[in-house]
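Okay, input-v4.cif now, which holds mmCIF, C-alpha atoms:
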```
data_query
#
loop_
_atom_site.label_atom_id
_atom_site.label_comp_id
_atom_site.auth_asym_id
_atom_site.auth_seq_id
_atom_site.Cartn_x
_atom_site.Cartn_y
_atom_site.Cartn_z
CA MET A 1 8.48 -17.25 0.87
CA LYS A 2 8.09 -13.99 -1.04
CA GLN A 3 8.53 -10.83 0.99
CA SER A 4 7.15 -7.34 0.43
CA ALA A 5 7.59 -4.09 2.27
CA GLY A 6 5.42 -1.01 2.46
CA ILE A 7 4.48 2.15 4.26
CA LEU A 8 1.20 3.05 5.93
CA LEU A 9 0.84 6.83 6.00
CA TYR A 10 -1.32 8.46 8.63
CA ARG A 11 -2.30 12.04 9.34
CA PRO A 12 -4.12 13.64 12.26
CA GLN A 13 -7.71 14.82 11.93
CA ALA A 14 -9.94 16.72 14.34
CA ILE A 15 -11.13 13.64 16.23
CA SER A 16 -9.06 10.74 14.97
CA TRP A 17 -6.67 9.84 12.16
CA GLU A 18 -6.79 9.23 8.44
CA LEU A 19 -4.88 6.47 6.69
CA PHE A 20 -3.58 6.48 3.12
CA LEU A 21 -4.28 3.42 0.97
CA VAL A 22 -3.84 2.65 -2.73
CA HIS A 23 -5.99 0.70 -5.16
CA PRO A 24 -4.18 -1.70 -7.52
CA GLY A 25 -4.39 -0.97 -11.22
CA GLY A 26 -5.07 -3.32 -14.09
CA PRO A 27 -8.15 -5.10 -15.35
CA PHE A 28 -8.36 -7.70 -12.55
CA TRP A 29 -8.90 -5.01 -9.88
CA LYS A 30 -10.97 -2.58 -11.99
CA ASN A 31 -14.35 -3.29 -10.38
CA LYS A 32 -13.13 -4.41 -6.94
CA ASP A 33 -13.31 -2.04 -3.98
CA LEU A 34 -13.96 -3.43 -0.49
CA GLY A 35 -11.10 -5.68 0.55
CA ALA A 36 -9.03 -4.66 -2.50
CA TRP A 37 -7.00 -1.65 -1.32
CA SER A 38 -3.51 -1.91 0.17
CA ILE A 39 -0.67 -0.02 1.73
CA PRO A 40 1.78 1.05 -1.00
CA LYS A 41 4.20 -1.88 -1.06
CA GLY A 42 6.27 -4.14 -3.26
CA GLU A 43 8.68 -7.03 -3.30
CA LEU A 44 12.11 -6.85 -1.74
CA GLY A 45 15.08 -7.12 -4.05
CA ASP A 46 17.83 -9.64 -3.40
CA ASN A 47 19.62 -8.74 -0.16
CA GLU A 48 17.62 -5.48 0.07
CA ASN A 49 16.88 -3.98 3.47
CA ALA A 50 13.11 -4.12 4.07
CA LEU A 51 12.76 -0.45 5.07
CA ASP A 52 14.80 0.63 2.04
CA ALA A 53 12.48 -1.47 -0.15
CA ALA A 54 9.40 0.07 1.48
CA ILE A 55 10.68 3.60 0.81
CA ARG A 56 11.59 2.72 -2.80
CA GLU A 57 8.25 1.03 -3.46
CA PHE A 58 6.30 3.91 -1.95
CA GLN A 59 8.03 6.30 -4.35
CA GLU A 60 7.52 3.99 -7.35
CA GLU A 61 3.82 3.49 -6.61
CA THR A 62 2.87 7.04 -5.60
CA GLY A 63 5.50 9.40 -6.99
CA PHE A 64 6.09 10.78 -3.48
CA THR A 65 9.25 10.44 -1.45
CA CYS A 66 9.08 9.83 2.26
CA SER A 67 11.40 10.26 5.17
CA GLY A 68 11.04 10.82 8.88
CA LYS A 69 10.37 8.73 11.95
CA PHE A 70 9.18 5.36 10.69
CA LEU A 71 7.24 3.25 13.20
CA PRO A 72 7.92 -0.45 12.62
CA LEU A 73 4.80 -2.61 12.51
CA THR A 74 4.69 -6.37 13.05
CA PRO A 75 5.25 -8.26 9.76
CA ARG A 76 2.11 -10.07 8.61
CA LYS A 77 1.57 -13.03 6.38
CA GLN A 78 -0.98 -12.42 3.66
CA GLY A 79 -3.26 -15.14 2.35
CA SER A 80 -0.98 -15.53 -0.66
CA SER A 81 1.82 -16.79 1.62
CA LYS A 82 3.64 -13.49 1.20
CA MET A 83 5.22 -11.89 4.26
CA VAL A 84 4.62 -8.14 4.34
CA HIS A 85 6.89 -5.86 6.37
CA ALA A 86 5.40 -2.45 7.10
CA TRP A 87 6.22 0.86 8.72
CA ALA A 88 3.87 3.69 9.61
CA LEU A 89 4.80 7.29 8.94
CA GLU A 90 2.98 10.51 9.79
CA LYS A 91 2.90 12.44 6.52
CA ASP A 92 0.27 14.33 4.54
CA ILE A 93 0.22 13.95 0.76
CA ASN A 94 -2.26 15.04 -1.89
CA ALA A 95 -3.74 11.81 -3.24
CA ALA A 96 -4.86 13.60 -6.42
CA LEU A 97 -1.20 14.08 -7.39
CA LEU A 98 -0.36 10.36 -7.25
CA GLN A 99 1.91 9.21 -10.09
CA CYS A 100 2.68 5.55 -10.61
CA ASN A 101 4.87 3.31 -12.69
CA LEU A 102 3.35 0.98 -15.31
CA PHE A 103 3.38 -2.77 -15.81
CA SER A 104 2.74 -4.78 -18.95
CA MET A 105 0.47 -7.81 -19.24
CA GLU A 106 -1.28 -9.84 -21.88
CA TRP A 107 -4.79 -8.43 -22.23
CA PRO A 108 -7.25 -9.82 -22.99
CA PRO A 109 -5.91 -13.18 -21.77
CA LYS A 110 -4.53 -15.46 -24.49
CA SER A 111 -4.90 -12.66 -27.07
CA GLY A 112 -1.18 -12.25 -27.71
CA GLN A 113 -1.64 -8.51 -27.16
CA PHE A 114 0.21 -6.79 -24.37
CA LYS A 115 -1.06 -3.59 -22.77
CA GLU A 116 0.37 -1.32 -20.09
CA PHE A 117 -1.52 -0.53 -16.92
CA PRO A 118 -0.68 1.61 -13.90
CA GLU A 119 0.49 -0.43 -10.93
CA ILE A 120 -1.78 1.77 -8.78
CA ASP A 121 -4.84 3.46 -10.28
CA LYS A 122 -5.72 5.67 -7.30
CA GLY A 123 -4.91 6.52 -3.73
CA ALA A 124 -7.14 7.96 -1.01
CA TRP A 125 -7.33 8.91 2.65
CA PHE A 126 -9.77 6.98 4.84
CA THR A 127 -10.98 7.02 8.42
CA PRO A 128 -9.73 3.97 10.34
CA ASP A 129 -13.10 2.21 10.14
CA MET A 130 -13.41 2.77 6.39
CA ALA A 131 -9.77 1.79 5.83
CA LYS A 132 -10.43 -1.54 7.57
CA GLU A 133 -13.25 -2.21 5.09
CA LYS A 134 -11.22 -1.15 2.05
CA ILE A 135 -7.88 -2.85 2.81
CA ILE A 136 -7.19 -6.46 1.89
CA PRO A 137 -7.91 -8.70 4.90
CA GLY A 138 -4.27 -9.71 5.42
CA GLN A 139 -3.33 -6.07 6.13
CA VAL A 140 -6.08 -5.08 8.59
CA GLY A 141 -3.71 -5.90 11.44
CA PHE A 142 -1.40 -3.05 10.37
CA ILE A 143 -4.23 -0.58 10.97
CA ASP A 144 -5.15 -2.08 14.34
CA GLU A 145 -1.53 -2.04 15.47
CA LEU A 146 -0.98 1.55 14.34
CA LEU A 147 -4.12 2.75 16.12
CA GLN A 148 -2.94 1.00 19.29
CA LEU A 149 0.46 2.71 19.02
CA LEU A 150 -1.16 6.10 18.47
CA SER A 151 -3.47 5.71 21.47
CA ASN A 152 -0.56 5.12 23.88
#
```

Can you give me the file's structure in the form of structure tokens?
Amino acid sequence: MKQSAGILLYRPQAISWELFLVHPGGPFWKNKDLGAWSIPKGELGDNENALDAAIREFQEETGFTCSGKFLPLTPRKQGSSKMVHAWALEKDINAALLQCNLFSMEWPPKSGQFKEFPEIDKGAWFTPDMAKEKIIPGQVGFIDELLQLLSN
């Protein structure tokens, strides 16, 4: 089973919290919004520690480094049979300054032409309710668990 690791950033607001999510880049995701966003995450390398992978992937997908007190969240299986390990971290970043690595794919399909696309085309802060609408269904549980931890 493939495994990924990622980080769910949160920051305090006057009444509640805001959560940071990213939207995948490339032509497949271009016109998708609700249920398409994700925590910044990526696949674990061979014998790589999951938290180390989450920190690395966060930096690759956003351009921001992160450190601090990571709150472990329960790993969740996504519909694609991928196990996602996640940590929450209280940190404020400016989503407008997001910088991401690129990937190459054949586009249009079967054209023989390869084009580069950003792995992430945007990031944004959302209220918990909006984040639950935006995030892919297999990751909603990360938000619920974080909110439960923050309310204790």

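Proximity ranking of A:Gly123, A:Thr74, A:Gln148, A:Pro108 relative to A:Ser38 places A:Gly123 first, based on all atoms listed in the file.
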
With all atoms listed in the file as the atoms that count, which of A:Asn49, A:Gln99, A:Ser81, A:Gln13 lies nearest to A:Glu61?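 Residue with the minimum atom-to-atom distance to A:Glu61: A:Gln99.
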
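Protein and nucleic acid residues near (4.2, -1.0, 10.4) are Gly6, Ile7, Leu8, Phe70, Leu71, Pro72, Leu73, Thr74, Pro75, His85, Ala86, Trp87, Ala88, Leu89, Phe142, Ile143, Glu145 and Leu146 of chain A, the criterion being any atom at most 9 Å away using all atoms listed in the file.
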
Enumerate, as an mmCIF file with C-alpha atoms, in the coordinates of the input, the protein, DNA and RNA residues whose atoms approach (-10.7, 9.2, 6.3) to within 12 Å, taking into account only C-alpha atoms and the coordinate frame of the file.
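Below is the file that was written, part-v6.cif:
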```cif
data_model
loop_
_atom_site.group_PDB
_atom_site.id
_atom_site.type_symbol
_atom_site.label_atom_id
_atom_site.label_comp_id
_atom_site.auth_asym_id
_atom_site.auth_seq_id
_atom_site.Cartn_x
_atom_site.Cartn_y
_atom_site.Cartn_z
ATOM 1 C CA LEU A 9 0.840 6.830 6.000
ATOM 2 C CA TYR A 10 -1.320 8.460 8.630
ATOM 3 C CA ARG A 11 -2.300 12.040 9.340
ATOM 4 C CA PRO A 12 -4.120 13.640 12.260
ATOM 5 C CA GLN A 13 -7.710 14.820 11.930
ATOM 6 C CA ALA A 14 -9.940 16.720 14.340
ATOM 7 C CA ILE A 15 -11.130 13.640 16.230
ATOM 8 C CA SER A 16 -9.060 10.740 14.970
ATOM 9 C CA TRP A 17 -6.670 9.840 12.160
ATOM 10 C CA GLU A 18 -6.790 9.230 8.440
ATOM 11 C CA LEU A 19 -4.880 6.470 6.690
ATOM 12 C CA PHE A 20 -3.580 6.480 3.120
ATOM 13 C CA LEU A 21 -4.280 3.420 0.970
ATOM 14 C CA GLY A 123 -4.910 6.520 -3.730
ATOM 15 C CA ALA A 124 -7.140 7.960 -1.010
ATOM 16 C CA TRP A 125 -7.330 8.910 2.650
ATOM 17 C CA PHE A 126 -9.770 6.980 4.840
ATOM 18 C CA THR A 127 -10.980 7.020 8.420
ATOM 19 C CA PRO A 128 -9.730 3.970 10.340
ATOM 20 C CA ASP A 129 -13.100 2.210 10.140
ATOM 21 C CA MET A 130 -13.410 2.770 6.390
ATOM 22 C CA ALA A 131 -9.770 1.790 5.830
ATOM 23 C CA LYS A 132 -10.430 -1.540 7.570
ATOM 24 C CA GLU A 133 -13.250 -2.210 5.090
ATOM 25 C CA LYS A 134 -11.220 -1.150 2.050
#
```

Report as CSV the residues of stretch 15-42 of chain A within 9 Å of stretch 101-107 of chain A, each with its shortest atom pair and distance in Å (one decimal), using all atoms listed in the file, ordered by chain and increasing residue number.
```
residue,atom,partner,partner_atom,distance
A:Gly25,CA,A:Leu102,CA,9.0
A:Gly26,CA,A:Phe103,CA,8.6
A:Pro27,CA,A:Trp107,CA,8.3
```

Atom pair atom CA of A:Ile135 / atom CA of A:Val22: separation (Å):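 These atoms are spaced 8.8 Å apart.
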
Would you kindly translate the PyMOL selection byres ((chain A and resi 36) around 8) into the concrete residues it picks from this file, as a list in words? His23, Pro24, Trp29, Lys32, Asp33, Leu34, Gly35, Trp37, Ser38, Lys134, Ile135 and Ile136 of chain A

Evaluate the PyMOL selection byres ((chain A and resi 55) around 9) and report residues as a PyMOL selection string: chain A and resi 5-7+41+50-54+56-60+65-67

As an exercise, work out the distance from atom CA of A:Leu97 to atom CA of A:Lys30 in Å and give it to one decimal place. 19.9 Å

Which of these, A:Leu147, A:Gln3, A:Thr62, A:Asn31, has the shortest distance to A:Ile120 once you count all atoms listed in the file?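 The answer is A:Thr62, which sits nearest to A:Ile120.
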
Mind giving me the straight-line distance from atom CA of A:Gly138 to atom CA of A:Ser4 in Å, one decimal?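 If I compute the distance from atom CA of A:Gly138 to atom CA of A:Ser4, I get 12.7 Å.
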
Care to translate the PyMOL selection byres ((chain A and resi 82) around 8) into actual residues of this file, as a PyMOL selection string? chain A and resi 1-4+77-81+83-84

Could those residues be written to a file, using C-alpha atoms, as a tab-separated table (two decimals), in the frame of the given file?
```tsv
chain	number	residue	atom	x	y	z
A	1	MET	CA	8.48	-17.25	0.87
A	2	LYS	CA	8.09	-13.99	-1.04
A	3	GLN	CA	8.53	-10.83	0.99
A	4	SER	CA	7.15	-7.34	0.43
A	77	LYS	CA	1.57	-13.03	6.38
A	78	GLN	CA	-0.98	-12.42	3.66
A	79	GLY	CA	-3.26	-15.14	2.35
A	80	SER	CA	-0.98	-15.53	-0.66
A	81	SER	CA	1.82	-16.79	1.62
A	83	MET	CA	5.22	-11.89	4.26
A	84	VAL	CA	4.62	-8.14	4.34
```

Enclosing box along x, y and z for every listed atom of stretch 48-54 of chain A, padded 3 Å each side, centre and size in Å, one decimal, as AutoDock Vina command-line options:
```
--center_x 13.5 --center_y -2.4 --center_z 2.5 --size_x 14.2 --size_y 12.1 --size_z 11.2
```

Completion of stretch 58-82 of chain A up to N, CA and C atoms, as a PDB file, in the coordinates of the input:
```pdb
ATOM      1  N   PHE A  58       7.239   2.816  -2.159  1.00  0.00           N
ATOM      2  CA  PHE A  58       6.300   3.910  -1.950  1.00  0.00           C
ATOM      3  C   PHE A  58       6.500   4.968  -3.041  1.00  0.00           C
ATOM      4  N   GLN A  59       7.753   5.293  -3.329  1.00  0.00           N
ATOM      5  CA  GLN A  59       8.030   6.300  -4.350  1.00  0.00           C
ATOM      6  C   GLN A  59       7.613   5.805  -5.740  1.00  0.00           C
ATOM      7  N   GLU A  60       7.883   4.528  -6.040  1.00  0.00           N
ATOM      8  CA  GLU A  60       7.520   3.990  -7.350  1.00  0.00           C
ATOM      9  C   GLU A  60       6.001   3.971  -7.545  1.00  0.00           C
ATOM     10  N   GLU A  61       5.262   3.659  -6.476  1.00  0.00           N
ATOM     11  CA  GLU A  61       3.820   3.490  -6.610  1.00  0.00           C
ATOM     12  C   GLU A  61       3.031   4.780  -6.445  1.00  0.00           C
ATOM     13  N   THR A  62       3.626   5.805  -5.843  1.00  0.00           N
ATOM     14  CA  THR A  62       2.870   7.040  -5.600  1.00  0.00           C
ATOM     15  C   THR A  62       3.502   8.270  -6.245  1.00  0.00           C
ATOM     16  N   GLY A  63       4.797   8.228  -6.501  1.00  0.00           N
ATOM     17  CA  GLY A  63       5.500   9.400  -6.990  1.00  0.00           C
ATOM     18  C   GLY A  63       5.993  10.305  -5.875  1.00  0.00           C
ATOM     19  N   PHE A  64       5.675   9.973  -4.626  1.00  0.00           N
ATOM     20  CA  PHE A  64       6.090  10.780  -3.480  1.00  0.00           C
ATOM     21  C   PHE A  64       7.266  10.124  -2.768  1.00  0.00           C
ATOM     22  N   THR A  65       8.171  10.950  -2.284  1.00  0.00           N
ATOM     23  CA  THR A  65       9.250  10.440  -1.450  1.00  0.00           C
ATOM     24  C   THR A  65       8.811  10.540   0.004  1.00  0.00           C
ATOM     25  N   CYS A  66       9.435   9.752   0.844  1.00  0.00           N
ATOM     26  CA  CYS A  66       9.080   9.830   2.260  1.00  0.00           C
ATOM     27  C   CYS A  66      10.324   9.630   3.109  1.00  0.00           C
ATOM     28  N   SER A  67      10.337  10.379   4.199  1.00  0.00           N
ATOM     29  CA  SER A  67      11.400  10.260   5.170  1.00  0.00           C
ATOM     30  C   SER A  67      10.817  10.714   6.498  1.00  0.00           C
ATOM     31  N   GLY A  68      11.514  10.415   7.565  1.00  0.00           N
ATOM     32  CA  GLY A  68      11.040  10.820   8.880  1.00  0.00           C
ATOM     33  C   GLY A  68      11.168   9.686   9.875  1.00  0.00           C
ATOM     34  N   LYS A  69      10.343   9.739  10.897  1.00  0.00           N
ATOM     35  CA  LYS A  69      10.370   8.730  11.950  1.00  0.00           C
ATOM     36  C   LYS A  69       9.407   7.597  11.575  1.00  0.00           C
ATOM     37  N   PHE A  70       9.978   6.507  11.090  1.00  0.00           N
ATOM     38  CA  PHE A  70       9.180   5.360  10.690  1.00  0.00           C
ATOM     39  C   PHE A  70       8.890   4.487  11.916  1.00  0.00           C
ATOM     40  N   LEU A  71       7.624   4.143  12.108  1.00  0.00           N
ATOM     41  CA  LEU A  71       7.240   3.250  13.200  1.00  0.00           C
ATOM     42  C   LEU A  71       7.146   1.833  12.663  1.00  0.00           C
ATOM     43  N   PRO A  72       7.996   0.919  13.132  1.00  0.00           N
ATOM     44  CA  PRO A  72       7.920  -0.450  12.620  1.00  0.00           C
ATOM     45  C   PRO A  72       6.635  -1.135  13.099  1.00  0.00           C
ATOM     46  N   LEU A  73       5.985  -1.832  12.191  1.00  0.00           N
ATOM     47  CA  LEU A  73       4.800  -2.610  12.510  1.00  0.00           C
ATOM     48  C   LEU A  73       5.156  -4.100  12.388  1.00  0.00           C
ATOM     49  N   THR A  74       4.410  -4.939  13.058  1.00  0.00           N
ATOM     50  CA  THR A  74       4.690  -6.370  13.050  1.00  0.00           C
ATOM     51  C   THR A  74       4.466  -6.942  11.645  1.00  0.00           C
ATOM     52  N   PRO A  75       5.454  -7.646  11.074  1.00  0.00           N
ATOM     53  CA  PRO A  75       5.250  -8.260   9.760  1.00  0.00           C
ATOM     54  C   PRO A  75       4.043  -9.204   9.791  1.00  0.00           C
ATOM     55  N   ARG A  76       3.314  -9.247   8.686  1.00  0.00           N
ATOM     56  CA  ARG A  76       2.110 -10.070   8.610  1.00  0.00           C
ATOM     57  C   ARG A  76       2.111 -10.900   7.343  1.00  0.00           C
ATOM     58  N   LYS A  77       1.672 -12.128   7.519  1.00  0.00           N
ATOM     59  CA  LYS A  77       1.570 -13.030   6.380  1.00  0.00           C
ATOM     60  C   LYS A  77       0.217 -12.824   5.717  1.00  0.00           C
ATOM     61  N   GLN A  78       0.245 -12.550   4.420  1.00  0.00           N
ATOM     62  CA  GLN A  78      -0.980 -12.420   3.660  1.00  0.00           C
ATOM     63  C   GLN A  78      -1.449 -13.789   3.206  1.00  0.00           C
ATOM     64  N   GLY A  79      -2.693 -13.879   2.797  1.00  0.00           N
ATOM     65  CA  GLY A  79      -3.260 -15.140   2.350  1.00  0.00           C
ATOM     66  C   GLY A  79      -2.475 -15.803   1.236  1.00  0.00           C
ATOM     67  N   SER A  80      -1.739 -15.008   0.475  1.00  0.00           N
ATOM     68  CA  SER A  80      -0.980 -15.530  -0.660  1.00  0.00           C
ATOM     69  C   SER A  80       0.373 -16.106  -0.230  1.00  0.00           C
ATOM     70  N   SER A  81       0.561 -16.285   1.070  1.00  0.00           N
ATOM     71  CA  SER A  81       1.820 -16.790   1.620  1.00  0.00           C
ATOM     72  C   SER A  81       2.963 -15.798   1.452  1.00  0.00           C
ATOM     73  N   LYS A  82       2.630 -14.535   1.298  1.00  0.00           N
ATOM     74  CA  LYS A  82       3.640 -13.490   1.200  1.00  0.00           C
ATOM     75  C   LYS A  82       3.759 -12.814   2.561  1.00  0.00           C
TER      76      LYS A  82
END
```
